[in-house]
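Asker: Here it is, the structure, as structure tokens.
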Amino acid sequence: MIKRYATEEMSRIWNEENRYAVMLQVELAACKAWNELGRIPDDALDDIFSKASFSVYRIAEIERSVQHDVISFVTAVAEKIGESGRYLHLGLTSSDVLDTASSLMLREAMQIVRGALLELDAAVVEKAAQYKRLPCVGRTHGVHAAPMTLGLKFLNWHDELLRDIERLDLAMSQSIWGKISGTVGTYAICPPEIEARVCEMLDLKPAPISNQILQRDRHSCMMNAIALLGCGLERMATEIRHLQYTEVGEFCEPLGGYHKGSGTMPHRRNPVKSERICGMARLLRGYALTAMENVALWHERDISYSSTERVIWPDAFHTIHFMLSDMTYVVRGLAIDEKRIADGLELTGGLIYSQRVMLELLDELNLSRDTVYKVVQENAIRTARGEGNFLDLVKRDERIAGKADEKKLESLFDVNFYIRHVDRIFERFGL
């Protein structure tokens with residue numbers, strides 16, 4: 001497990017003590033359901049509820065001998081209960097307990113992730129509103145394209161985070177189910193009434209059908225939702241990393257405490273958290289792939305999935321929770337250099353207005369599109385070479401000199417034209 005990045009909330013869910021405690025919840029709910037059907041006497045149920053407990057050390061001791069974790073757990077608890085312990089695990093198969101208990105743990109873990117995601121989204125929305133109308137250069141292929149606003153960049157992140165919330169909710173609805181259907185899912189020993197009652201007590205939905213386990217496409221959906229969330233965080237982090245380039249300098253991660261970016265270069269401020277988020281996103285995609293590999297099992301069940309889930313589930317939740325916390329900290333504390341952003345709009349000498357110039361010349365002059373494109377492109381190349389300002393070069397071009405309205409050309413170099421619909425875009429999100 002990724003202990004270095006473990007958060008306290010997630011550690012509490014995925015530690016061994018809690019795993020057995022949740023398994024005991026399932027066992028006790030099954031005992032209660034059997035009691036209601038008259039199979040377990042009242043005095044035995046009282047005995048079970050008053051004495052049921054476990055020692056992690058004792059479970060491990062038994063497991064070293066029997067090599068089966070659920071048998072070891074049931075044996076250790078039954079020892080604590082005494083004679084009435086014979087009713088524990090009545091008619092259940094191990095996966096009834098493990099899968100149902102896992103659903104309870106996964107639900108709690110996903111709710112924590114969802115809460116952290118909402119916090120990040122709130123920070124992003126705040127930045128979007130703050131910089132709603134701040135002009136900045138938009139880039140495609142890493143190259144200056146056309147003006148936009150910084151608020152739109154954040155709003156785009158917000159839109160993806162909303163989809164992440166939807167995916168988490170969908171994944172939760174598909175993966176969080178209970179299963180008390182016994183060996184190969186036929187209810188031969190445990191009737192459906194036991195499953196229905198256990199799930200009711202645990203606030204779970206009973207799976208409409210299972211075999212010996214809950215089918216792993218459910219959990220693959222969950223892991224893919226988490227991996228996609230990680231991809232979104234990586235997209236945000238990648239943007240921040242580039243905008244922190246020395247040559248760009250529009251963004252900078254917040255400095256935490258006494259920051260040292262290099263052992264030999266004291267001037268360095270590195271986008272450490274953003275880089276770490278990008279790296280951890282790769283882990284999540286690997287976990288999602290493993291979860292998909294777990295879908296196809298032999299017949300009604302094998303245990304090839306089990307060993308992987310003991311690693312990928314806690315690690316994935318620790319990882320995504322840590323990433324969300326890191327990204328929230330980064331977004332809230334971003335140092336945004338508005339002067340560098342304004343300078344960036346002028347960096348190419350007016351080239352970011354080339355599309356509008358081309359369209360205006362097409363409308364105004366009786367020239368072919370190819371000719372107009374060449375006029376604009378050739379002068380753009382000259383501008384990029386440092387031969388002059390784009391507007392001046394276009395106006396002096398012999399192919400259009402005296403034919404185009406110079407005042408009209410000058411009016412095209414207006415950033416406000418490009419951001420005039422920003423309010424309408426924000427309104428789509430109720431902002």
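Labels for the structure tokens follow display order: chains A, B, ..., residues from 1 in each chain, ligands from 1.
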Where in segment 240-360 of chain A does DSSP assign strand (DSSP E), given as JSON, numbers by chain?
Answerer: {"A": [251, 252, 335, 336]}
Asker: Would you mind listing what lies within 8 Å of segment 324-341 of chain A as a PyMOL selection string, with only C-alpha atoms counted and same-chain residues fewer than 4 positions away left out?
Answerer: chain A and resi 113+116-117+119-120+123-124+127+135-137+233+237+248-254+273-274+277+320+345
Asker: I'd like to know which of A:Glu234, A:Glu239, A:Asp392, A:Glu247 is closest to Leu284 of chain A, using only C-alpha atoms.
Answerer: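 Checking each candidate against Leu284 of chain A, we get A:Glu234 as the closest.
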Asker: Find the residues of segment 92-114 of chain A that sit at most 12 Å from segment 225-230 of chain A; for each, write down the nearest two atoms and how far apart they are in Å, to one decimal. Count only C-alpha atoms. Sort by chain, then by number going up, and give it as a tab-separated table.
Answerer:
residue	atom	partner	partner_atom	distance
A:Ala109	CA	A:Ile226	CA	11.4
A:Met110	CA	A:Ile226	CA	9.2
A:Val113	CA	A:Ile226	CA	9.0
A:Arg114	CA	A:Ile226	CA	10.3
Asker: As a PyMOL selection string, please: the residues near segment 71-83 of chain A (cut-off 12 Å, only C-alpha atoms, same-chain neighbours under 3 positions excluded).
Answerer: chain A and resi 16-17+19-28+43-68+86-90+92-95+97-98
Asker: Using only C-alpha atoms, which of A:Ser103, A:Trp14, A:Gly115, A:Val125 sits nearest Phe426 of chain A?
Answerer: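 Looking only at the distances to Phe426 of chain A, the closest residue turns out to be A:Val125.
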Asker: So what do you get for atom CA of Cys221 of chain A versus atom CA of Ala122 of chain A, distance-wise?
Answerer: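 One can read the atom CA of Cys221 of chain A to atom CA of Ala122 of chain A distance as 25.4 Å.
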Asker: Counting only C-alpha atoms, which residues of segment 16-123 of chain A sit at most 7 Å from some atom of segment 194-204 of chain A, and what is each one's closest atom pair with its distance in Å to one decimal, listed by chain and rising residue number, as CSV?
Answerer:
residue,atom,partner,partner_atom,distance
A:Ala29,CA,A:Val198,CA,5.4
A:Ala30,CA,A:Val198,CA,5.7
A:Ala33,CA,A:Ile194,CA,5.7
A:Trp34,CA,A:Ile194,CA,6.8
